[in-house]
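*Asks:* So here's protein.pdb (PDB, C-alpha atoms).
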```
MODEL        1
ATOM      1  CA  GLY A  75     -12.839 -11.251  15.123
ATOM      2  CA  SER A  76     -11.302 -13.757  12.759
ATOM      3  CA  ASN A  77      -8.402 -13.407  10.320
ATOM      4  CA  LYS A  78      -7.608 -16.300   7.988
ATOM      5  CA  GLY A  79      -5.370 -16.466   4.981
ATOM      6  CA  LEU A  80      -2.443 -17.728   3.019
ATOM      7  CA  GLU A  81       0.853 -15.949   2.470
ATOM      8  CA  ILE A  82       3.788 -16.677   0.197
ATOM      9  CA  THR A  83       7.194 -14.997   0.042
ATOM     10  CA  LEU A  84       9.809 -15.442  -2.668
ATOM     11  CA  GLU A  85      13.231 -13.907  -2.134
ATOM     12  CA  LYS A  86      16.365 -13.765  -4.240
ATOM     13  CA  TYR A  87      19.196 -12.350  -2.168
ATOM     14  CA  LEU A  88      21.689  -9.958  -3.734
ATOM     15  CA  ASN A  89      23.694 -12.149  -6.111
ATOM     16  CA  ARG A  90      25.224 -11.185  -9.466
ATOM     17  CA  ASN A  91      24.196  -7.627  -8.645
ATOM     18  CA  TRP A  92      20.428  -8.059  -8.487
ATOM     19  CA  TYR A  93      17.799  -8.972  -5.899
ATOM     20  CA  LEU A  94      14.060  -9.639  -5.727
ATOM     21  CA  LEU A  95      11.483  -9.862  -2.969
ATOM     22  CA  PHE A  96       7.878 -10.842  -3.712
ATOM     23  CA  THR A  97       5.100 -11.344  -1.174
ATOM     24  CA  ALA A  98       1.461 -12.231  -1.742
ATOM     25  CA  SER A  99      -1.358 -12.681   0.746
ATOM     26  CA  LEU A 100      -4.888 -13.958   0.240
ATOM     27  CA  PHE A 101      -7.067 -13.477   3.301
ATOM     28  CA  GLU A 102     -10.346 -12.585   4.898
ATOM     29  CA  SER A 103     -10.776 -10.410   7.952
ATOM     30  CA  LEU A 104     -14.132 -10.785   9.693
ATOM     31  CA  PHE A 105     -15.866  -9.631  12.857
ATOM     32  CA  LYS A 106     -19.047 -10.743  14.564
ATOM     33  CA  PRO A 107     -21.065  -7.952  16.226
ATOM     34  CA  SER A 108     -23.830  -8.517  18.759
ATOM     35  CA  ASP A 109     -26.289  -9.763  16.070
ATOM     36  CA  GLY A 110     -24.070 -12.858  15.652
ATOM     37  CA  ILE A 111     -23.509 -12.454  11.885
ATOM     38  CA  TRP A 112     -19.937 -12.551  10.559
ATOM     39  CA  ARG A 113     -19.084  -9.500   8.432
ATOM     40  CA  ASN A 114     -16.023  -8.069   6.676
ATOM     41  CA  THR A 115     -13.838  -5.654   8.614
ATOM     42  CA  VAL A 116     -12.630  -2.372   7.178
ATOM     43  CA  PHE A 117      -9.234  -4.090   6.627
ATOM     44  CA  SER A 118     -10.581  -6.968   4.524
ATOM     45  CA  THR A 119      -9.012  -6.068   1.174
ATOM     46  CA  ASN A 120      -8.808  -9.844   0.461
ATOM     47  CA  TYR A 121      -5.406  -9.751  -1.240
ATOM     48  CA  VAL A 122      -2.124  -7.859  -1.147
ATOM     49  CA  THR A 123       0.989  -8.248  -3.292
ATOM     50  CA  ASN A 124       4.307  -6.436  -2.994
ATOM     51  CA  THR A 125       7.312  -6.738  -5.292
ATOM     52  CA  LEU A 126      10.764  -5.218  -4.865
ATOM     53  CA  LEU A 127      13.273  -5.573  -7.699
ATOM     54  CA  GLY A 128      16.716  -4.018  -7.585
ATOM     55  CA  TYR A 129      20.096  -3.895  -9.224
ATOM     56  CA  GLU A 130      23.409  -2.803  -7.720
ATOM     57  CA  PHE A 131      26.169  -1.302  -9.846
ATOM     58  CA  SER A 132      29.617  -1.545  -8.272
ATOM     59  CA  ILE A 133      31.512   1.690  -8.839
ATOM     60  CA  SER A 134      34.516   0.851  -6.681
ATOM     61  CA  LYS A 135      35.421  -1.456  -3.821
ATOM     62  CA  ARG A 136      33.613   0.870  -1.355
ATOM     63  CA  THR A 137      31.020   2.612  -3.555
ATOM     64  CA  ALA A 138      27.846   1.292  -5.198
ATOM     65  CA  LEU A 139      24.822   2.646  -7.031
ATOM     66  CA  ASN A 140      21.581   0.841  -6.247
ATOM     67  CA  VAL A 141      18.443   1.173  -8.390
ATOM     68  CA  ASN A 142      15.145  -0.398  -7.352
ATOM     69  CA  LEU A 143      11.467  -0.499  -8.135
ATOM     70  CA  LYS A 144       8.643  -1.346  -5.712
ATOM     71  CA  VAL A 145       5.155  -2.336  -6.854
ATOM     72  CA  ALA A 146       2.201  -2.691  -4.469
ATOM     73  CA  TYR A 147      -1.218  -4.025  -5.494
ATOM     74  CA  SER A 148      -4.144  -4.885  -3.252
ATOM     75  CA  GLY A 149      -7.870  -4.977  -3.032
ATOM     76  CA  GLY A 150      -9.535  -1.671  -2.230
ATOM     77  CA  ILE A 151     -10.439  -0.513   1.241
ATOM     78  CA  ARG A 152     -13.914  -1.012   2.637
ATOM     79  CA  GLN A 153     -16.236   1.778   3.729
ATOM     80  CA  ARG A 154     -19.336   2.032   5.874
ATOM     81  CA  TRP A 155     -22.512   1.568   3.818
ATOM     82  CA  VAL A 156     -24.523   4.778   3.361
ATOM     83  CA  ASP A 157     -28.284   4.561   2.765
ATOM     84  CA  ARG A 158     -28.387   7.292   0.133
ATOM     85  CA  GLU A 159     -32.156   7.831   0.034
ATOM     86  CA  ALA A 160     -32.518   7.962   3.828
ATOM     87  CA  SER A 161     -29.497  10.287   4.043
ATOM     88  CA  VAL A 162     -30.981  12.785   1.568
ATOM     89  CA  LEU A 163     -34.278  12.777   3.492
ATOM     90  CA  ALA A 164     -32.546  13.137   6.879
ATOM     91  CA  GLY A 165     -30.073  15.768   5.674
ATOM     92  CA  GLU A 166     -27.173  13.814   7.207
ATOM     93  CA  PRO A 167     -25.467  10.510   6.444
ATOM     94  CA  VAL A 168     -27.503   7.478   7.530
ATOM     95  CA  TYR A 169     -25.426   4.299   7.774
ATOM     96  CA  ASP A 170     -26.728   0.777   7.261
ATOM     97  CA  ASP A 171     -24.499  -1.242   9.593
ATOM     98  CA  LEU A 172     -25.892  -4.525   8.260
ATOM     99  CA  LYS A 173     -24.300  -3.738   4.865
ATOM    100  CA  SER A 174     -21.207  -1.883   6.065
ATOM    101  CA  TYR A 175     -17.901  -3.095   4.635
ATOM    102  CA  SER A 176     -19.701  -5.403   2.196
ATOM    103  CA  GLU A 177     -18.098  -3.787  -0.877
ATOM    104  CA  ARG A 178     -14.556  -2.682  -1.638
ATOM    105  CA  SER A 179     -13.364   0.542  -3.239
ATOM    106  CA  LYS A 180     -11.246   0.493  -6.394
ATOM    107  CA  ASP A 181      -8.101  -1.663  -6.094
ATOM    108  CA  TYR A 182      -4.948  -0.043  -4.733
ATOM    109  CA  PHE A 183      -1.915   0.196  -7.029
ATOM    110  CA  LYS A 184       1.365   2.052  -6.506
ATOM    111  CA  ILE A 185       4.853   2.033  -8.032
ATOM    112  CA  ASP A 186       7.841   3.627  -6.278
ATOM    113  CA  SER A 187      11.384   3.985  -7.599
ATOM    114  CA  LYS A 188      14.627   4.748  -5.792
ATOM    115  CA  VAL A 189      18.268   5.387  -6.697
ATOM    116  CA  THR A 190      20.889   5.255  -3.917
ATOM    117  CA  LEU A 191      24.573   6.025  -4.024
ATOM    118  CA  SER A 192      26.369   4.374  -1.071
ATOM    119  CA  HIS A 193      29.927   4.780   0.111
ATOM    120  CA  ASN A 194      31.423   2.662   2.902
ATOM    121  CA  PHE A 195      34.012   4.306   5.129
ATOM    122  CA  ASN A 196      35.623   2.500   8.069
ATOM    123  CA  HIS A 197      32.685   1.723  10.424
ATOM    124  CA  VAL A 198      30.388   4.241   8.651
ATOM    125  CA  THR A 199      28.209   4.139   5.521
ATOM    126  CA  PHE A 200      26.995   7.282   3.781
ATOM    127  CA  ASP A 201      23.943   7.067   1.479
ATOM    128  CA  VAL A 202      22.463   9.669  -0.847
ATOM    129  CA  SER A 203      19.085   8.691  -2.317
ATOM    130  CA  ALA A 204      16.508  10.097  -4.683
ATOM    131  CA  GLU A 205      13.096   8.482  -4.555
ATOM    132  CA  ILE A 206       9.860   9.012  -6.428
ATOM    133  CA  LEU A 207       6.773   7.623  -4.703
ATOM    134  CA  ASN A 208       3.663   6.792  -6.751
ATOM    135  CA  ILE A 209       5.423   7.440 -10.061
ATOM    136  CA  THR A 210       2.252   6.675 -12.053
ATOM    137  CA  ASP A 211       0.226   9.184  -9.960
ATOM    138  CA  GLU A 212      -2.460   6.610  -9.111
ATOM    139  CA  LYS A 213      -5.608   7.968  -7.462
ATOM    140  CA  ASN A 214      -5.832   5.487  -4.575
ATOM    141  CA  ILE A 215      -8.886   6.039  -2.383
ATOM    142  CA  PHE A 216      -8.216   6.855   1.266
ATOM    143  CA  SER A 217     -11.814   7.587   2.290
ATOM    144  CA  GLU A 218     -15.191   8.488   0.880
ATOM    145  CA  THR A 219     -17.784  11.011   2.043
ATOM    146  CA  PHE A 220     -21.461  11.151   1.128
ATOM    147  CA  ASP A 221     -23.049  14.606   0.900
ATOM    148  CA  PRO A 222     -26.794  14.266   1.652
ATOM    149  CA  LYS A 223     -27.510  17.770   0.277
ATOM    150  CA  THR A 224     -26.271  16.920  -3.222
ATOM    151  CA  GLY A 225     -26.673  13.130  -3.098
ATOM    152  CA  THR A 226     -23.078  12.684  -4.276
ATOM    153  CA  THR A 227     -20.079  10.816  -2.967
ATOM    154  CA  SER A 228     -16.651  12.461  -2.908
ATOM    155  CA  TYR A 229     -13.315  10.792  -2.337
ATOM    156  CA  THR A 230     -10.155  11.695  -0.467
ATOM    157  CA  TYR A 231      -7.142  10.228  -2.208
ATOM    158  CA  GLN A 232      -3.767   9.157  -0.897
ATOM    159  CA  GLN A 233      -0.649  11.026  -1.970
ATOM    160  CA  GLY A 234       0.095  11.611  -5.621
ATOM    161  CA  ILE A 235       3.600  11.729  -7.049
ATOM    162  CA  LEU A 236       6.070  12.557  -4.278
ATOM    163  CA  PRO A 237       9.778  13.073  -5.004
ATOM    164  CA  THR A 238      12.074  12.819  -1.973
ATOM    165  CA  ALA A 239      15.771  13.136  -1.258
ATOM    166  CA  ILE A 240      17.484  11.265   1.570
ATOM    167  CA  LEU A 241      20.880  11.641   3.220
ATOM    168  CA  ARG A 242      21.715   8.830   5.654
ATOM    169  CA  LEU A 243      24.733   8.148   7.797
ATOM    170  CA  THR A 244      24.866   4.647   9.290
ATOM    171  CA  PHE A 245      27.421   3.839  11.969
TER     172      PHE A 245
ENDMDL
END
```
Could you write out this file's structure as structure tokens?
*Replies:*
Amino acid sequence: GSNKGLEITLEKYLNRNWYLLFTASLFESLFKPSDGIWRNTVFSTNYVTNTLLGYEFSISKRTALNVNLKVAYSGGIRQRWVDREASVLAGEPVYDDLKSYSERSKDYFKIDSKVTLSHNFNHVTFDVSAEILNITDEKNIFSETFDPKTGTTSYTYQQGILPTAILRLTF
């Protein structure tokens, strides 16, 4: 296998109540099977970006409210190549390994938001958080399945909107 790429990270540490972290990667992920031809791996999305932006409101000397937003964007995942005509004739999926992972699914996009109230005691911090994952309810593809009986492809998607609550005690 071979993985090559370029990565950049920009970070603004918490200062004047706000912070930022941005990462971007451009890459290719290849493998060479026994036929000696380099091909994309399932992980070769070709690019990934992540951004975290936050603001901290000081409530008191020991208490703060933190609000942040995370944005993830990347190329879509790669799937095995299905020979649709041969699959319909055979009544089961027939894969063409010479073409597998040659195309990507739809790009991946997700926005998460989080609000955290933190209070620092002596040697202990208590956090209460509310988080909403995938706030735009993006339909990001997790996998695809070809049905040779109908000749159609169906998709399994990653999670939709997911609200969570978190209580954390750090000591």
*Asks:* Quick one: pull the distance between CA of Phe216 in chain A and CA of Tyr147 in chain A, Å, one decimal.
*Replies:*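 Result for CA of Phe216 in chain A versus CA of Tyr147 in chain A: 14.6 Å, one decimal.
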*Asks:* Please report, as a Markdown table, each residue of range 127-242 of chain A lying at most 12 Å from range 95-111 of chain A, together with the nearest pair of atoms and the separation in Å rounded to one decimal; use all atoms listed in the file, and order rows by chain and ascending residue number.
*Replies:*
```
| residue | atom | partner | partner_atom | distance |
| --- | --- | --- | --- | --- |
| A:Leu127 | CA | A:Leu95 | CA | 6.6 |
| A:Gly128 | CA | A:Leu95 | CA | 9.1 |
| A:Asn142 | CA | A:Leu95 | CA | 11.1 |
| A:Leu143 | CA | A:Leu95 | CA | 10.7 |
| A:Lys144 | CA | A:Leu95 | CA | 9.4 |
| A:Val145 | CA | A:Phe96 | CA | 9.5 |
| A:Ala146 | CA | A:Thr97 | CA | 9.7 |
| A:Tyr147 | CA | A:Ala98 | CA | 9.4 |
| A:Ser148 | CA | A:Ser99 | CA | 9.2 |
| A:Gly149 | CA | A:Leu100 | CA | 10.0 |
| A:Ile151 | CA | A:Ser103 | CA | 12.0 |
| A:Arg152 | CA | A:Ser103 | CA | 11.2 |
| A:Asp171 | CA | A:Pro107 | CA | 10.0 |
| A:Leu172 | CA | A:Ile111 | CA | 9.0 |
| A:Lys173 | CA | A:Ile111 | CA | 11.2 |
| A:Ser174 | CA | A:Phe105 | CA | 11.6 |
| A:Tyr175 | CA | A:Leu104 | CA | 9.9 |
| A:Ser176 | CA | A:Leu104 | CA | 10.8 |
```
*Asks:* Find the residues around Ile240 in chain A up to 8 Å (only C-alpha atoms counted), leave out those fewer than 5 positions away in its own chain, and share them as number ranges by chain.
*Replies:* A: 201-204
*Asks:* Of the candidates A:Thr199, A:Thr83, A:Thr238, A:Gln153, which one gets nearest to Leu126 in chain A if we count all atoms listed in the file?
*Replies:*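 Distance minimum relative to Leu126 in chain A lands on A:Thr83.
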*Asks:* Work out how far CA of Glu205 in chain A is from CA of Arg90 in chain A, in Å to one decimal.
*Replies:* 23.6 Å
*Asks:* Enumerate, as a VMD selection string, the residues matched when the PyMOL selection byres ((chain A and resi 85) around 6) is run on the file above.
*Replies:* chain A and resid 84 86 94 to 95
*Asks:* I'd like to know which of A:Ser76, A:Thr219, A:Ile235, A:Ser161 is closest to Ser118 in chain A, using all atoms listed in the file.
*Replies:*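 Nearest candidate to Ser118 in chain A out of A:Ser76, A:Thr219, A:Ile235, A:Ser161: A:Ser76.
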*Asks:* Tell me which of A:Ser179, A:Thr226, A:Gln233, A:Ser134 sits closest to Pro167 in chain A, counting only C-alpha atoms.
*Replies:*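 Selected residue with least distance to Pro167 in chain A: A:Thr226.
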*Asks:* Given only C-alpha atoms as the basis, pick out the residue of A:Thr190, A:Asn91, A:Thr224, A:Gln232 nearest to Leu207 in chain A.
*Replies:*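 Ranking A:Thr190, A:Asn91, A:Thr224, A:Gln232 by distance to Leu207 in chain A, first place goes to A:Gln232.
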*Asks:* From the list A:Leu163, A:Lys213, A:Asn114, A:Trp155, which residue is nearest Lys78 in chain A when using all atoms listed in the file?
*Replies:* A:Asn114
